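A quick write-up on the structure given underneath.
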Amino acid sequence: MTATVTNPVSTDQQAEALPGYNYAFLDEISKKAIRRSLLKAVALPGYQVPFGSRELPIARGWGTGGLQITLALIGAGDTVKVIDQGEDDSVNAVNIRRLVERTAPDVTTTTETGTATIIQTRHRVPEQPLREDQILVLQVPLPEPLRLVERREAETRRMHGEADYSRMWVALYEDIVQNGRLTRAAGYPALVNGRHVMTPSPIPRWDLPQLHMSQHLSLFGAGREKRIYAVPPLTSVVPLSFEDYPFTIEQFGDRACARCGSTTSFLVAIPNEDGSVEYSCSDSDWCYSRIDAQEHGTA
Amino acid sequence: MTITQTDPVNAGQTFRDTAPVLRVENLTRIFGPGCPDCVARTGPEAETNTCPTCGSVVACADVSFELRPGRTIGIVGESGSGKTTALRCLYGDLAPTSGRAYLSVYRDGERDIFEADPQDRRRIRNFHLGMVYQNPSQGLNLLISSGGNVAERLLAAEWRKVAAIRDRAAGLLGRMEIPVSRMDEIPANFSGGMQQRVQVAKALANGPVVVLLDEMTSGLDVSVQAGVLDLMQDIQRQEQVAMVVVSHDLGVVRLLCERTLVMKNGRVVEAGVTDQILEDPHHPYTQLLVSSVNM
């Protein structure tokens with residue numbers, strides 16, 4: 001499908017799906033309700049839209065928010081990729097992909113970033129920049145960026161309503177006063193479209209610039225907290241920072257991926273048995289496609 | 001009631017020509033369901049705030065005054081007379097039941113700030129007003145550093161440079177006689193007087209046009225009170241900031257305010273130049289108030 005959000009599914013596809021289950025697991029009314037919330041989220045970038053989170057065959061907190069968005073969007077011709085911290089092969093990613101395969105047989109799945117139309121992800125944005133015909137669906141554990149400074153929901157909603165973010169800024173200021181730098185590593189808060197502060201889900205800081213003025217649509221789903229929000233294409237996503245303490249991404253120095261040699265991707269440390277540490281790409285598709293290209297001599 | 005605009009202290013000066021920085025008209029706040037009798041059946045004549053018809057509490061009604069740039073107006077009255085409610089409505093902590101208020105800095109003083117949408121209302125409060133509460137725990141977050149408390153106001157007013165914020169916070173706290181070495185300490189460790197001075201520093205941080213002070217010296221012992229009042233007089237002299245000082249203490253009002261409103265049962269019963277009110281009180285309640293204090 002293209003980057004439009006609404007995607008009504010014809011009911012004659014249901015015959016091929018898992019017996020006894022509706023196409024893409026959720027019933028049509030639920031999917032419609034989720035798509036309606038998605039439309040509102042796209043219209044108000046960064047605003048958390050409440051939605052009626054449905055029961056799924058995986059537990060809340062394991063990607064049910066992202067999964068509901070994916071299930072509400074997929075239809076014939078879609079290609080779905082599911083990643084968990086950059087990996088296509090983790091148990092969580094494999095299970096979600098299998099659920100999609102079994103309940104929506106006319107949807108293909110892939111591990112290739114380039115060929116996917118919908119990419120559901122936990123805690124990473126693919127290294128390869130996405131196109132305008134691709135949708136990124138992020139799984140969100142805690143959608144409320146103000147929760148750290150205010151525990152009452154009614155109060156955080158008022159703060160968003162009045163664009164009253166001073167306490168968020170104070171928390172960042174205190175961080176600098178106490179630690180000499182901005183220490184927040186993942187889920188770094190950002191101002192979307194100059195209006196709403198959002199948490200980009202626990203992606204590393206490295207990934208945050210990928211959401212700014214991007215070609216693709218980013219959708220965020222928090223199943224346990226029952227919230228959906230969005231960053232539409234070509235929308236500003238500006239990390240909260242100070243003129244004299246600017247936002248920075250992770251630095252890897254001269255380290256390179258031990259498998260593919262990449263020096264331009266987000267690396268994770270892998271301890272060896274002898275106590276030494278190796279680094280490799282967190283995004284497995286990025287890594288494997290580089291290795292493939294090297295083996296075929298086109299690197 | 002509205003205060004006359006001539007000022008005998010500065011007679012003949014340009015004072016008369018300066019536009020008021022704050023104009024309040026018929027500010028009313030009723031707690032409870034309210035009924036058409038509420039305002040008529042309460043007030044100093046009825047000697048009650050509680051409406052006999054519906055049981056609502058008329059905390060303040062028909063409070064009107066004007067405040068010129070750099071001037072200070074006092075509101076005195078016994079506890080429960082509606083002073084604090086009026087102040088909290090102006091700051092935006094409470095929504096008034098009726099009435100209007102105009103700030104010179106908001107749309108040239110032509111739009112009622114009570115009609116502003118919540119986002120504008122928040123901006124008015126963050127950029128143009130300051131408030132010192134009676135209880136420091138209301139105005140400060142006692143668990144973040146004093147510098148952080150002052151910084152909160154600056155950050156709300158969109159200061160985005162840490163070094164500049166720290167300079168400004170250190171300057172203000174220093175002026176309030178808080179040692180700069182304790183700037184990164186939490187106010188929970190401070191004495192009541194120090195907490196109150198941190199609150200003043202916070203209220204002044206963003207260069208507000210009006211600072212609202214609610215019983216700021218009430219919880220302090222006499223010598224500490226004197227110190228805080230000295231500082232407030234310094235600020236009056238040095239900064240062009242207008243103030244509304246709410247107090248039940250006539251001494252505080254005499255020291256700080258050129259003009260004073262006297263409130264009883266939610267109404268302004270007398271208003272005018274402070275010295276005149278203290279020397280020649282007209283309303284029986286003011287007479288009682290003045291005679292009961294040994295000035």
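FYI, nothing fancy with the structure tokens labels: chains A, B, ... in order, residues from 1 per chain, ligands from 1 as they appear.
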
Using only C-alpha atoms, select each residue of chain B with any atom at most 7 Å away from an atom of chain A, and give the selection as a PyMOL selection string. chain B and resi 118-119+122+148+151-152+155-156+160-162

Write a file of the just-selected residues containing N, CA and C atoms, as a PDB file, in the first residue's frame.
ATOM      1  N   PRO B 118      -6.310  28.976  27.031  1.00  0.00           N
ATOM      2  CA  PRO B 118      -5.383  28.473  28.052  1.00  0.00           C
ATOM      3  C   PRO B 118      -3.906  28.615  27.682  1.00  0.00           C
ATOM      4  N   GLN B 119      -3.605  28.478  26.384  1.00  0.00           N
ATOM      5  CA  GLN B 119      -2.201  28.589  25.980  1.00  0.00           C
ATOM      6  C   GLN B 119      -1.693  30.027  26.138  1.00  0.00           C
ATOM      7  N   ARG B 122      -1.293  30.850  29.813  1.00  0.00           N
ATOM      8  CA  ARG B 122      -0.044  30.292  30.335  1.00  0.00           C
ATOM      9  C   ARG B 122       1.133  31.182  29.954  1.00  0.00           C
ATOM     10  N   GLY B 148      17.512  25.791  40.111  1.00  0.00           N
ATOM     11  CA  GLY B 148      16.548  25.158  39.207  1.00  0.00           C
ATOM     12  C   GLY B 148      15.176  25.799  39.310  1.00  0.00           C
ATOM     13  N   ALA B 151      15.438  28.936  37.543  1.00  0.00           N
ATOM     14  CA  ALA B 151      15.584  28.589  36.128  1.00  0.00           C
ATOM     15  C   ALA B 151      14.241  28.218  35.507  1.00  0.00           C
ATOM     16  N   GLU B 152      13.360  27.607  36.293  1.00  0.00           N
ATOM     17  CA  GLU B 152      12.069  27.176  35.748  1.00  0.00           C
ATOM     18  C   GLU B 152      11.335  28.344  35.102  1.00  0.00           C
ATOM     19  N   LEU B 155      13.180  29.273  31.910  1.00  0.00           N
ATOM     20  CA  LEU B 155      12.945  28.269  30.865  1.00  0.00           C
ATOM     21  C   LEU B 155      11.535  28.407  30.316  1.00  0.00           C
ATOM     22  N   ALA B 156      10.586  28.716  31.210  1.00  0.00           N
ATOM     23  CA  ALA B 156       9.204  28.920  30.769  1.00  0.00           C
ATOM     24  C   ALA B 156       9.123  30.120  29.839  1.00  0.00           C
ATOM     25  N   ARG B 160      17.159  29.666  26.586  1.00  0.00           N
ATOM     26  CA  ARG B 160      17.654  28.363  26.158  1.00  0.00           C
ATOM     27  C   ARG B 160      19.176  28.278  26.205  1.00  0.00           C
ATOM     28  N   LYS B 161      19.788  29.068  27.111  1.00  0.00           N
ATOM     29  CA  LYS B 161      21.245  28.987  27.233  1.00  0.00           C
ATOM     30  C   LYS B 161      21.558  28.774  28.707  1.00  0.00           C
ATOM     31  N   VAL B 162      22.167  27.632  29.015  1.00  0.00           N
ATOM     32  CA  VAL B 162      22.392  27.263  30.408  1.00  0.00           C
ATOM     33  C   VAL B 162      23.255  28.304  31.130  1.00  0.00           C
TER      34      VAL B 162
END

Report as a ChimeraX atom specification: the residues of segment 31-202 of chain A with a DSSP assignment of strand (DSSP E or B), based on the backbone of this structure. /A:49-50,79-84,87,108-109,118-122,135-139,186,190-192,196-198

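The residue set within 10 Å of Arg168 of chain B, counting only C-alpha atoms and dropping same-chain residues fewer than 6 places from it, reads Gly147, Val150, Ala151, Leu154, Val162, Gly174, Ala201, Ala205 and Asn206 of chain B.
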
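With only C-alpha atoms as the atoms that count, the residue of B:Gly92, B:Pro33, B:Gly130, B:Pro20 with the shortest distance to Glu110 of chain B is B:Pro20.
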
Counting only C-alpha atoms, what are the residues of segment 172-263 of chain B within 9 Å of segment 276-290 of chain B, and for each of them which pair of atoms is the nearest and at what distance in Å, to one decimal? Sort the table by chain and rising number, as JSON lines.
{"residue": "B:Leu250", "atom": "CA", "partner": "B:Val290", "partner_atom": "CA", "distance": 7.7}
{"residue": "B:Arg254", "atom": "CA", "partner": "B:Leu278", "partner_atom": "CA", "distance": 8.2}
{"residue": "B:Arg259", "atom": "CA", "partner": "B:Ile277", "partner_atom": "CA", "distance": 8.8}
{"residue": "B:Thr260", "atom": "CA", "partner": "B:Ile277", "partner_atom": "CA", "distance": 7.7}
{"residue": "B:Val262", "atom": "CA", "partner": "B:Thr286", "partner_atom": "CA", "distance": 6.9}
{"residue": "B:Met263", "atom": "CA", "partner": "B:Thr286", "partner_atom": "CA", "distance": 8.8}

Fewer than 6 positions away in the same chain doesn't count, so skip those; otherwise give me all residues within 8 Å of segment 101-118 of chain A, counting only C-alpha atoms, as a PDB file with N, CA and C atoms, in the first residue's frame.
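New file result_26.pdb:
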ATOM      1  N   MET A   1       0.837  -1.191   0.000  1.00  0.00           N
ATOM      2  CA  MET A   1       0.000   0.000   0.000  1.00  0.00           C
ATOM      3  C   MET A   1       0.876   1.247   0.000  1.00  0.00           C
ATOM      4  N   THR A   2       0.270   2.364  -0.280  1.00  0.00           N
ATOM      5  CA  THR A   2       1.024   3.616  -0.228  1.00  0.00           C
ATOM      6  C   THR A   2       0.900   4.220   1.175  1.00  0.00           C
ATOM      7  N   GLN A  13     -11.145 -11.760   1.444  1.00  0.00           N
ATOM      8  CA  GLN A  13      -9.818 -12.291   1.725  1.00  0.00           C
ATOM      9  C   GLN A  13      -9.830 -13.192   2.955  1.00  0.00           C
ATOM     10  N   GLU A  16      -9.015 -17.173   3.329  1.00  0.00           N
ATOM     11  CA  GLU A  16      -7.689 -17.760   3.346  1.00  0.00           C
ATOM     12  C   GLU A  16      -7.012 -17.645   4.710  1.00  0.00           C
ATOM     13  N   ALA A  17      -7.549 -16.788   5.564  1.00  0.00           N
ATOM     14  CA  ALA A  17      -6.890 -16.540   6.843  1.00  0.00           C
ATOM     15  C   ALA A  17      -7.059 -17.729   7.776  1.00  0.00           C
ATOM     16  N   LEU A  18      -6.407 -17.661   8.913  1.00  0.00           N
ATOM     17  CA  LEU A  18      -6.487 -18.695   9.938  1.00  0.00           C
ATOM     18  C   LEU A  18      -7.951 -18.971  10.271  1.00  0.00           C
ATOM     19  N   TYR A  21     -10.595 -16.995  12.630  1.00  0.00           N
ATOM     20  CA  TYR A  21     -10.115 -15.649  12.959  1.00  0.00           C
ATOM     21  C   TYR A  21     -10.399 -14.700  11.819  1.00  0.00           C
ATOM     22  N   ASN A  22     -10.625 -13.432  12.166  1.00  0.00           N
ATOM     23  CA  ASN A  22     -10.829 -12.413  11.142  1.00  0.00           C
ATOM     24  C   ASN A  22      -9.500 -12.107  10.450  1.00  0.00           C
ATOM     25  N   TYR A  23      -9.615 -11.524   9.245  1.00  0.00           N
ATOM     26  CA  TYR A  23      -8.418 -11.108   8.529  1.00  0.00           C
ATOM     27  C   TYR A  23      -7.597 -10.155   9.397  1.00  0.00           C
ATOM     28  N   ALA A  24      -6.297 -10.398   9.519  1.00  0.00           N
ATOM     29  CA  ALA A  24      -5.395  -9.587  10.343  1.00  0.00           C
ATOM     30  C   ALA A  24      -5.837  -9.560  11.807  1.00  0.00           C
ATOM     31  N   PHE A  25      -6.370 -10.664  12.260  1.00  0.00           N
ATOM     32  CA  PHE A  25      -6.731 -10.935  13.648  1.00  0.00           C
ATOM     33  C   PHE A  25      -7.824 -10.039  14.221  1.00  0.00           C
ATOM     34  N   THR A  70      -0.158  -1.946  12.968  1.00  0.00           N
ATOM     35  CA  THR A  70       0.202  -2.748  11.795  1.00  0.00           C
ATOM     36  C   THR A  70      -1.006  -3.536  11.294  1.00  0.00           C
ATOM     37  N   ILE A  74      -2.552  -3.217   7.390  1.00  0.00           N
ATOM     38  CA  ILE A  74      -2.129  -4.127   6.314  1.00  0.00           C
ATOM     39  C   ILE A  74      -3.295  -4.588   5.439  1.00  0.00           C
ATOM     40  N   GLY A  75      -2.951  -4.855   4.210  1.00  0.00           N
ATOM     41  CA  GLY A  75      -3.920  -5.361   3.241  1.00  0.00           C
ATOM     42  C   GLY A  75      -3.151  -6.033   2.108  1.00  0.00           C
ATOM     43  N   ALA A  76      -3.879  -6.529   1.134  1.00  0.00           N
ATOM     44  CA  ALA A  76      -3.251  -7.250   0.022  1.00  0.00           C
ATOM     45  C   ALA A  76      -2.168  -6.384  -0.618  1.00  0.00           C
ATOM     46  N   GLY A  77      -1.015  -6.991  -0.871  1.00  0.00           N
ATOM     47  CA  GLY A  77       0.061  -6.271  -1.539  1.00  0.00           C
ATOM     48  C   GLY A  77       1.055  -5.642  -0.581  1.00  0.00           C
ATOM     49  N   ASP A  78       0.743  -5.643   0.700  1.00  0.00           N
ATOM     50  CA  ASP A  78       1.687  -5.059   1.657  1.00  0.00           C
ATOM     51  C   ASP A  78       2.827  -6.021   1.950  1.00  0.00           C
ATOM     52  N   THR A  79       3.957  -5.445   2.266  1.00  0.00           N
ATOM     53  CA  THR A  79       5.118  -6.234   2.686  1.00  0.00           C
ATOM     54  C   THR A  79       5.523  -5.733   4.072  1.00  0.00           C
ATOM     55  N   VAL A  80       5.508  -6.647   5.029  1.00  0.00           N
ATOM     56  CA  VAL A  80       5.749  -6.239   6.417  1.00  0.00           C
ATOM     57  C   VAL A  80       7.110  -6.718   6.882  1.00  0.00           C
ATOM     58  N   LYS A  81       7.807  -5.819   7.566  1.00  0.00           N
ATOM     59  CA  LYS A  81       9.083  -6.168   8.212  1.00  0.00           C
ATOM     60  C   LYS A  81       8.921  -5.867   9.694  1.00  0.00           C
ATOM     61  N   VAL A  82       9.396  -6.769  10.546  1.00  0.00           N
ATOM     62  CA  VAL A  82       9.309  -6.543  11.994  1.00  0.00           C
ATOM     63  C   VAL A  82      10.707  -6.641  12.591  1.00  0.00           C
ATOM     64  N   ASP A  88      15.885  -8.721  12.997  1.00  0.00           N
ATOM     65  CA  ASP A  88      14.683  -9.358  12.449  1.00  0.00           C
ATOM     66  C   ASP A  88      14.437 -10.714  13.099  1.00  0.00           C
ATOM     67  N   PRO A 126      15.433   1.997  11.242  1.00  0.00           N
ATOM     68  CA  PRO A 126      16.426   1.429  10.311  1.00  0.00           C
ATOM     69  C   PRO A 126      17.450   2.474   9.875  1.00  0.00           C
ATOM     70  N   GLN A 128      18.937   2.656   6.981  1.00  0.00           N
ATOM     71  CA  GLN A 128      18.655   3.102   5.618  1.00  0.00           C
ATOM     72  C   GLN A 128      17.463   4.052   5.631  1.00  0.00           C
ATOM     73  N   LEU A 130      14.107   5.915   5.020  1.00  0.00           N
ATOM     74  CA  LEU A 130      12.883   5.366   4.432  1.00  0.00           C
ATOM     75  C   LEU A 130      12.324   6.321   3.386  1.00  0.00           C
ATOM     76  N   ASP A 133       6.776   6.126   0.474  1.00  0.00           N
ATOM     77  CA  ASP A 133       5.754   5.078   0.376  1.00  0.00           C
ATOM     78  C   ASP A 133       5.937   4.030   1.473  1.00  0.00           C
ATOM     79  N   GLN A 134       6.723   4.330   2.478  1.00  0.00           N
ATOM     80  CA  GLN A 134       6.927   3.395   3.579  1.00  0.00           C
ATOM     81  C   GLN A 134       6.386   3.995   4.888  1.00  0.00           C
ATOM     82  N   ILE A 135       5.893   3.110   5.755  1.00  0.00           N
ATOM     83  CA  ILE A 135       5.388   3.545   7.063  1.00  0.00           C
ATOM     84  C   ILE A 135       6.204   2.854   8.141  1.00  0.00           C
ATOM     85  N   LEU A 136       6.653   3.652   9.104  1.00  0.00           N
ATOM     86  CA  LEU A 136       7.385   3.096  10.240  1.00  0.00           C
ATOM     87  C   LEU A 136       6.440   3.056  11.444  1.00  0.00           C
ATOM     88  N   VAL A 137       6.266   1.889  12.043  1.00  0.00           N
ATOM     89  CA  VAL A 137       5.382   1.738  13.201  1.00  0.00           C
ATOM     90  C   VAL A 137       6.250   1.425  14.417  1.00  0.00           C
ATOM     91  N   ASP A 285      19.687  -6.003   9.088  1.00  0.00           N
ATOM     92  CA  ASP A 285      19.511  -5.953   7.629  1.00  0.00           C
ATOM     93  C   ASP A 285      20.573  -5.070   6.980  1.00  0.00           C
TER      94      ASP A 285
END

Would you mind telling me which residue in A:Gly223, A:Pro45, A:Pro50, A:Pro189 lies nearest to Arg147 of chain A when using only C-alpha atoms? A:Pro189

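Here the residues within segment 161-290 of chain A that DSSP labels helix (DSSP H, G or I) on the basis of the backbone are Gly161, Ser166, Arg167, Met168, Trp169, Val170, Ala171, Leu172, Tyr173, Glu174, Asp175, Ile176, Val177, Gln178, Asn179, Arg205, Trp206, Asp207, Leu208, Pro209, Gln210, Leu211, Ser284, Asp285, Trp286, Cys287, Tyr288, Ser289 and Arg290 of chain A.
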
For Leu231 of chain B, please output as an mmCIF file with C-alpha atoms, in the first residue's frame all residues within 10 Å (counting only C-alpha atoms; exclusion window: fewer than 6 positions along the same chain).
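So the final result, stored in around_32.cif, reads:
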data_model
loop_
_atom_site.group_PDB
_atom_site.id
_atom_site.type_symbol
_atom_site.label_atom_id
_atom_site.label_comp_id
_atom_site.auth_asym_id
_atom_site.auth_seq_id
_atom_site.Cartn_x
_atom_site.Cartn_y
_atom_site.Cartn_z
ATOM 1 C CA ARG B 175 20.613 39.867 45.496
ATOM 2 C CA MET B 176 18.199 38.007 47.723
ATOM 3 C CA GLU B 177 21.192 37.276 49.976
ATOM 4 C CA ARG B 197 13.662 34.936 49.344
ATOM 5 C CA VAL B 200 11.031 36.349 45.331
ATOM 6 C CA GLN B 225 10.397 40.015 58.100
ATOM 7 C CA ARG B 237 13.700 51.371 43.882
#
